[in-house]
Every structure is written in structure tokens, then in C-alpha cells.
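Novice: This structure is in C-alpha cells; I'll ask about it shortly.
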Amino acid sequence: MSTALLADGGATREWLIGHGLNLTILWDPADGRRFLLGLALTLALAGLSIVLSLAIGVAGAALKGSRFAAGQKAVAAYVEVFRNTPLLAQMYFFFFGVGSLLPMVVNEQGEQVRLLGSFGWAVIVLGLHSGAFQIEALRGSIDAVPRSTVEAAEALGLNRLQIFRQVVAPLALRNSLPALSNSIAQTIKATSVAFAIAVPELTYACNRIWSDSFNVPVMIQILLATYLLLIGGVSAFMRSIERRLQLPGGLPA
Amino acid sequence: MSNQLTVVKPRSWPGAAFWWRVLRWSALLAVLGWVHARYREPIELLAGWTPGLLASFLRNIVMGLVAIAVATALGTALGIVQCSPHRRRATVARQLTLLLRNAPWLVAVFYVMYLVPYEVKLFGQYVFLADWLKAAIGIGVPAAGYMSEIVRGGIRSIPLQQWEAANALGLDRRQILRRVVLPQALRSMTPPWMSLYCIVTLSTSLANILGVEELMTSISLRLAGETRPDLLLPAHAYTFIVFFVYIYPISRLSRRLEKKWSLKE
């Protein structure tokens with residue numbers, strides 16, 4: 001892209017700048033690198049925290065469905081706390097509050113740093129935050145499997161584990177896909193809050209770029225467009241999976 | 001049923017359930033006592049700051065109200081157009097809703113903060129827009145996408161026969177919406193609307209990133225004045241608790257209403 005812009009001796013670039021489109025990420029290598037690093041970090045943050053939230057969701061939904069009363073209460077308390085407090089407060093609480101209790105270690109450059117940096121905390125907090133929503137979604141999709149289907153499986157002589165693995169789980173998984181797609185979109189949106197603890201993700205990168213290059217209006221549009229494209233792409237991908245897994249004439253999706 | 005004998009048990013010593021409750025409460029008190037002993041000085045300091053901090057939390061509440069007002073007005077309009085029989089208009093509203101729903105709220109706040117001037121000309125007069133007001137609008141606009149979906153769901157939940165009956169009475173589309181459909185949809189729309197209010201109020205803390213004076217900014221400023229790392233954990237736990245105490249009852253009421261009203265239908 002940058003070579004194409006340089007091929008005409010910078011005329012296109014001048015034209016773009018002249019029209020108020022100072023797209024420094026295309027011709028300033030430092031800005032370009034910052035933007036791409038930000039994009040990569042946003043993707044990494046989203047990916048890792050979704051994996052963490054799914055693990056929390058599965059464990060929490062299993063505990064909630066068990067007969068272990070204390071476990072059920074603990075899960076309910078966790079969900080209430082994380083759903084009813086601001087994500088930003090959670091970030092600050094874990095990064096500044098809990099993080100200040102962690103021991104210092106020496107990194108490769110010989111500097112004293114905390115055991116867990118801002119990226120690590122961002123993954124944990126985002127994972128915990130969307131995990132709380134994931135538990136509800138997974139539990140809901142397990143409960144949505146009709147009781148009669150389970151009874152039919154019991155009548156066929158399947159035991160509890162077999163019923164869960166061969167009957168309930170495949171149906172619940174399909175039920176949970178729309179909610180999963182939604183929570184992935186939510187998590188990608190939420191990664192922008194990691195800005196607050198200085199994780200150089202997309203929002204942070206763009207903020208630095210527009211502060212240095214004075215191109216706020218352009219960069220902010222690009223920032224928004226990048227998020228919209230990311231989320232749109234993920235949603236389209238999830239919808240295609242949903243269509244592929246749809247049961248012919250089976251449960252209404 | 002009526003001639004069934006009811007055996008009245010004589011009052012006896014409390015059972016196991018009672019002792020469990022005593023045990024739980026004393027465990028809770030022990031934990032609270034430990035926390036108080038461990039963080040006695042920070043807690044007293046925070047208690048001293050409380051009047052000032054609650055005053056700045058009031059800013060969060062006002063911002064939340066402005067944001068939900070913006071979201072409700074904009075979202076209701078969008079939601080109604082989404083259900084319009086006019087295909088093209090409905091598609092435009094649908095796409096706009098999707099766009100608002102997919103925009104990260106922090107980016108939306110940046111958008112309004114940086115691209116809306118601090119003064120606007122309204123009816124020939126310059127009106128100063130405070131930064132907290134702009135941040136609140138920035139939160140309200142993406143929330144309108146959610147409101148639009150709530151309204152669409154509410155309108156869809158009303159049976160088609162209601163439309164036909166109202167039509168037979170000679171009401172036009174606008175009258176049907178205003179006098180027949182929306183009043184009935186109000187019930188199914190209220191619980192999700194309350195949840196949206198909770199989300200919007202929680203998100204007002206994002207304004208802290210842009211330097212708007214609210215609860216978290218106020219705490220950070222006070223912390224900066226103290227330079228005491230041991231204060232970090234209790235102070236951030238404090239914001240947690242303040243938001244939770246305000247939001248939890250609303251979100252609980254919302255869920256209770258949802259359960260109660262969905263059973264009747």
C-alpha cells in the first residue's frame with residue numbers, strides 16, 4: 001500500500017492530505033507499526049479472554065447444575081458481582097489493587113516489574129467479566145433442551161453421562177451458538193477498555209497516533225471502522241457455523 | 001383435602017438449618033472483622049472521603065439518566081422504523097441498529113468527545129456543552145442500538161390480531177402504535193429497559209478515561225494526592241461496592257419483573 005502511494009512521487013498522498021485524510025498509518029512506518037501491533041493485541045486479548053471465559057462458563061454452568069449447594073451459591077455470587085459492577089472498576093481493582101500485592105520480578109531487560117503485566121491482567125479481567133455472562137448463556141442453552149428428549153434417552157437405557165454427552169450436549173451446543181457469537185462480539189468491544197491500564201491495543205494505539213500526528217477525525221473513523229469490520233466478520237463467521245450445524249427440521253434455531 | 005389432618009408440631013429446639021445460618025453469619029462477621037482489623041486505617045480514611053466521593057457518584061447517576069434518555073428517544077424511533085412496512089426504511093434502521101450495537105462504547109465516547117464541538121448553536125444561541133454531558137451522550141448513542149432491539153422485540157411480541165382489530169376500528173398506523181401496540185408492549189419492554197439502564201450507568205465510569213470528574217476520577221485524584229500503594233486495593237474495592245450497591249437492586253428488580261410477567265403470558 002505504501003509503495004503504491006510512493007510510486008507517483010507522493011502525489012496521491014498529497015491529494016489525500018489535501019482532502020483532510022492524513023492517513024499516517026499508510027505512509028509513516030512508525031504509525032503503521034503501532035496500528036498493526038494494536039490490531040494484533042486486540043485480537044490476542046479477545047482470543048485469549050474468550051478461551052478463558054468459555055472455561056469459566058463451562059465450569060460455572062456445571063457447578064450451577066450440580067447438587068452442590070455451596071457451589072451454586074458461589075457461582076451465583078460471582079455472576080452478580082461481575083455483572084453489576086463496571087468493567088473499568090474491575091480493571092482498576094485487579095490491575096492496581098490486586099496487582100500491587102504481587103511480588104516483583106526481574107525481566108529480561110533487568111528491570112523490576114510486577115509478576116503479571118497489564119496485558120495479563122486485561123486477559124484475566126476480560127475473561128472473568130465475560131465468563132459471568134457465559135455461565136448464564138450456557139446454563140440457559142442446557143435448560144432449553146426439552147425435558148421429553150432427555151426422558152426419551154432415559155427410556156432407551158442411556159445413563160446420565162451418556163445422556164449428557166450424546167443427547168444434551170450436542171443440542172445445547174447448537175442452542176448456545178447465537179449467545180456465543182454475541183459474547184464474542186461483546187468481548188471484542190470490551191477489549192477497548194484495556195486502554196485504561198495502558199495495554200497498547202487498538203484504541204490505545206490509535207489514541208497515540210492521533211495525539212502525535214494530529215489526525216483525530218480520520219483516525220477515529222478508522223478506529224471505529226476497524227472494530228465494526230472485526231465484529232462484523234466474526235458475526236458472519238459464527239452465522240455460517242450456525243447454518244452448517246443446523247438440524248434439518250429439528251429444533252428451531 | 002379439607003378433611004386432611006394437620007399435625008401441629010410442638011415448638012422444639014432449632015434444627016440443623018438454624019445452626020448453619022448462625023455459622024454462616026458468624027463466619028461473615030469474622031471475615032468483616034478481619035478486614036476491618038487489617039485495613040482499619042484505610043477504611044477510616046475512605047469513610048472520611050465518603051461525602052465528597054458520593055457527590056461525584058451523583059455525577060455518574062446524572063450521566064446515566066442523560067444517557068438512558070438519549071438511548072430511549074433515539075432507540076424507540078429506530079425500533080419503530082425497524083418494524084415499518086416500508087422495506088427500505090426498515091433495512092436502513094436495521095443496519096443503523098447493527099452499527100450502533102457493534103460500536104465499542106469507549107470508542108463512541110471518544111467519538112462524541114473529540115468530534116462534537118464544546119459549543120453548539122441552538123435556536124440562535126450558543127450553548128456550552130460540558131464534557132460530562134458529551135460523555136453521557138457518547139454512551140447513550142451506542143445504547144440506542146440496544147434500545148432499538150428492545151422496542152422491536154416489544155412490538156413483535158404483540159399478536160398480529162391486535163393490529164388487525166385496531167385497523168378494523170379505523171385507526172391508522174401511528175394511532176395503532178401509540179394507542180394499542182406500544183402500551184401493551186410496555187410490559188415486556190420494561191425489564192430489558194431497566195437492564196439497559198444498569199449497563200448505561202455502569203458505563204458512565206468510562207468517562208473517567210477522558211478526565212470527566214466522576215467517582216473513579218475523584219478516587220484516583222485523591223489517591224494521587226496520598227501516594228500510598230497500600231491504599232490502592234481498598235480504594236478500588238470502594239468503587240466496586242458503591243456501584244454494586246446502586247445497581248444490584250435495580251438489576252434484581254428487573255429480573256423479578258421479567259420472571260413475574262413472563263409467567264402470565
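In the C-alpha cells, chains take the letters A, B, ... in the order shown, each chain's residues start at 1, and ligands count up from 1 in the order shown.
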Up to 9 Å from chain A, what residues of chain B turn up? Count only C-alpha atoms and give them as number ranges by chain.
Specialist: B: 99, 102-108, 110-111, 114-115, 198-199, 201-206, 209, 216, 229-237, 239-248, 251
Novice: With a distance cut-off of 8 Å and only C-alpha atoms, select the neighbouring residues of range 181-186 of chain B, excluding the residue or stretch itself and same-chain residues fewer than 2 positions from it, and output the selection as a ChimeraX atom specification.
Specialist: /B:154-155,157-158,162-163,176-179,188-190
Novice: Using only N, CA and C atoms, please write the residues we just selected to a file, as a PDB file, in the first residue's frame.
Specialist:
```pdb
ATOM      1  N   GLY B 154     -40.446  -5.799  21.530  1.00  0.00           N
ATOM      2  CA  GLY B 154     -41.713  -5.482  22.186  1.00  0.00           C
ATOM      3  C   GLY B 154     -42.851  -5.423  21.182  1.00  0.00           C
ATOM      4  N   ILE B 155     -42.606  -4.749  20.045  1.00  0.00           N
ATOM      5  CA  ILE B 155     -43.658  -4.624  19.031  1.00  0.00           C
ATOM      6  C   ILE B 155     -43.998  -6.004  18.458  1.00  0.00           C
ATOM      7  N   SER B 157     -43.837  -8.751  19.949  1.00  0.00           N
ATOM      8  CA  SER B 157     -44.471  -9.641  20.916  1.00  0.00           C
ATOM      9  C   SER B 157     -45.985  -9.463  20.938  1.00  0.00           C
ATOM     10  N   ILE B 158     -46.482  -8.393  20.312  1.00  0.00           N
ATOM     11  CA  ILE B 158     -47.928  -8.156  20.300  1.00  0.00           C
ATOM     12  C   ILE B 158     -48.527  -8.914  19.113  1.00  0.00           C
ATOM     13  N   GLN B 162     -54.065  -7.914  17.060  1.00  0.00           N
ATOM     14  CA  GLN B 162     -54.261  -6.602  17.678  1.00  0.00           C
ATOM     15  C   GLN B 162     -54.194  -5.512  16.614  1.00  0.00           C
ATOM     16  N   TRP B 163     -53.228  -5.667  15.698  1.00  0.00           N
ATOM     17  CA  TRP B 163     -53.093  -4.709  14.595  1.00  0.00           C
ATOM     18  C   TRP B 163     -54.349  -4.725  13.732  1.00  0.00           C
ATOM     19  N   ILE B 176     -52.321   3.234  15.862  1.00  0.00           N
ATOM     20  CA  ILE B 176     -52.243   1.851  16.359  1.00  0.00           C
ATOM     21  C   ILE B 176     -51.020   1.696  17.246  1.00  0.00           C
ATOM     22  N   LEU B 177     -49.880   2.218  16.753  1.00  0.00           N
ATOM     23  CA  LEU B 177     -48.641   2.091  17.530  1.00  0.00           C
ATOM     24  C   LEU B 177     -48.781   2.792  18.872  1.00  0.00           C
ATOM     25  N   ARG B 178     -49.303   4.027  18.824  1.00  0.00           N
ATOM     26  CA  ARG B 178     -49.321   4.833  20.044  1.00  0.00           C
ATOM     27  C   ARG B 178     -50.366   4.380  21.039  1.00  0.00           C
ATOM     28  N   ARG B 179     -51.528   3.924  20.542  1.00  0.00           N
ATOM     29  CA  ARG B 179     -52.620   3.653  21.476  1.00  0.00           C
ATOM     30  C   ARG B 179     -52.871   2.182  21.725  1.00  0.00           C
ATOM     31  N   SER B 188     -43.486  -5.933  28.382  1.00  0.00           N
ATOM     32  CA  SER B 188     -42.361  -6.812  28.043  1.00  0.00           C
ATOM     33  C   SER B 188     -41.089  -6.005  27.809  1.00  0.00           C
ATOM     34  N   MET B 189     -41.233  -4.689  27.587  1.00  0.00           N
ATOM     35  CA  MET B 189     -40.047  -3.880  27.321  1.00  0.00           C
ATOM     36  C   MET B 189     -39.402  -3.354  28.601  1.00  0.00           C
ATOM     37  N   THR B 190     -40.201  -3.271  29.686  1.00  0.00           N
ATOM     38  CA  THR B 190     -39.663  -2.646  30.907  1.00  0.00           C
ATOM     39  C   THR B 190     -38.460  -3.382  31.511  1.00  0.00           C
TER      40      THR B 190
END
```
Novice: Residues near range 48-54 of chain A, anyone? I mean within 7 Å using only C-alpha atoms, not counting same-chain ones fewer than 2 positions away, as a compact mmCIF listing (two decimals) with C-alpha atoms, in the first residue's frame.
Specialist:
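out35.txt written:
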```txt
# COMPACT_ATOMS: atom_id res chain seq x y z
CA ALA A 44 -4.88 -11.66 21.07
CA LEU A 45 -6.74 -10.08 24.01
CA ALA A 46 -10.10 -11.05 22.56
CA ILE A 56 -15.17 -20.32 33.32
CA GLY A 57 -18.55 -20.63 31.62
CA VAL A 58 -18.36 -24.43 31.32
CA VAL A 123 -6.92 -11.05 29.75
CA ILE A 124 -7.88 -12.19 33.25
CA LEU A 126 -11.98 -9.62 30.43
CA GLY A 127 -12.18 -13.40 30.87
CA LEU A 128 -13.76 -13.09 34.31
CA SER A 130 -17.46 -12.27 30.05
CA GLY A 131 -17.26 -15.59 31.93
CA GLN A 134 -21.10 -17.09 29.55
CA ILE A 184 -17.55 -12.86 21.27
```
Novice: Select from range 96-162 of chain B everything DSSP, run on the backbone, classes as strand (DSSP E or B), then give the selection as a list in words.
Specialist: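 Everything in range 96-162 of chain B that counts as strand (DSSP E or B) is Glu119, Val120, Lys121, Leu122, Gln125, Tyr126, Val127 and Phe128 of chain B.
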Novice: Could the residues in this selection be saved with N, CA and C atoms as a tab-separated table (two decimals), in the first residue's frame?
Specialist:
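Generated output (selection11.tsv):
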```tsv
chain	number	residue	atom	x	y	z
B	119	GLU	N	-19.23	23.85	21.98
B	119	GLU	CA	-20.31	24.84	21.95
B	119	GLU	C	-21.15	24.58	20.72
B	120	VAL	N	-22.44	24.54	20.86
B	120	VAL	CA	-23.28	24.39	19.67
B	120	VAL	C	-24.28	25.53	19.61
B	121	LYS	N	-24.68	25.86	18.37
B	121	LYS	CA	-25.64	26.93	18.21
B	121	LYS	C	-27.03	26.32	18.22
B	122	LEU	N	-27.82	26.72	19.19
B	122	LEU	CA	-29.16	26.16	19.31
B	122	LEU	C	-30.13	27.33	19.39
B	125	GLN	N	-28.65	30.68	19.76
B	125	GLN	CA	-27.85	30.97	20.95
B	125	GLN	C	-26.77	29.91	21.10
B	126	TYR	N	-25.63	30.34	21.57
B	126	TYR	CA	-24.57	29.37	21.78
B	126	TYR	C	-24.78	28.65	23.11
B	127	VAL	N	-24.79	27.34	23.02
B	127	VAL	CA	-24.99	26.54	24.23
B	127	VAL	C	-23.69	25.81	24.52
B	128	PHE	N	-23.23	25.95	25.75
B	128	PHE	CA	-21.99	25.30	26.13
B	128	PHE	C	-22.29	23.84	26.51
```
Novice: Compile the contact shell of Val168 in chain A as a PyMOL selection string: residues with an atom at most 8 Å away, counting only C-alpha atoms, same-chain residues fewer than 6 positions apart removed.
Specialist: chain A and resi 142+145+150
Novice: So which residues touch Glu149 in chain B within 8 Å, counting only C-alpha atoms, skipping near sequence neighbours fewer than 4 positions away, as a ChimeraX atom specification?
Specialist: /B:75,79,97,145,153
Novice: Go ahead and save the picked residues with C-alpha atoms, as a compact mmCIF listing (two decimals), in the first residue's frame.
Specialist:
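What follows is the written file result_38.txt:
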```
# COMPACT_ATOMS: atom_id res chain seq x y z
CA GLY B 75 -33.72 3.79 20.15
CA GLY B 79 -37.05 0.37 16.72
CA THR B 97 -29.07 -0.52 14.79
CA GLY B 145 -28.85 0.27 19.31
CA GLY B 153 -38.91 -7.21 20.28
```
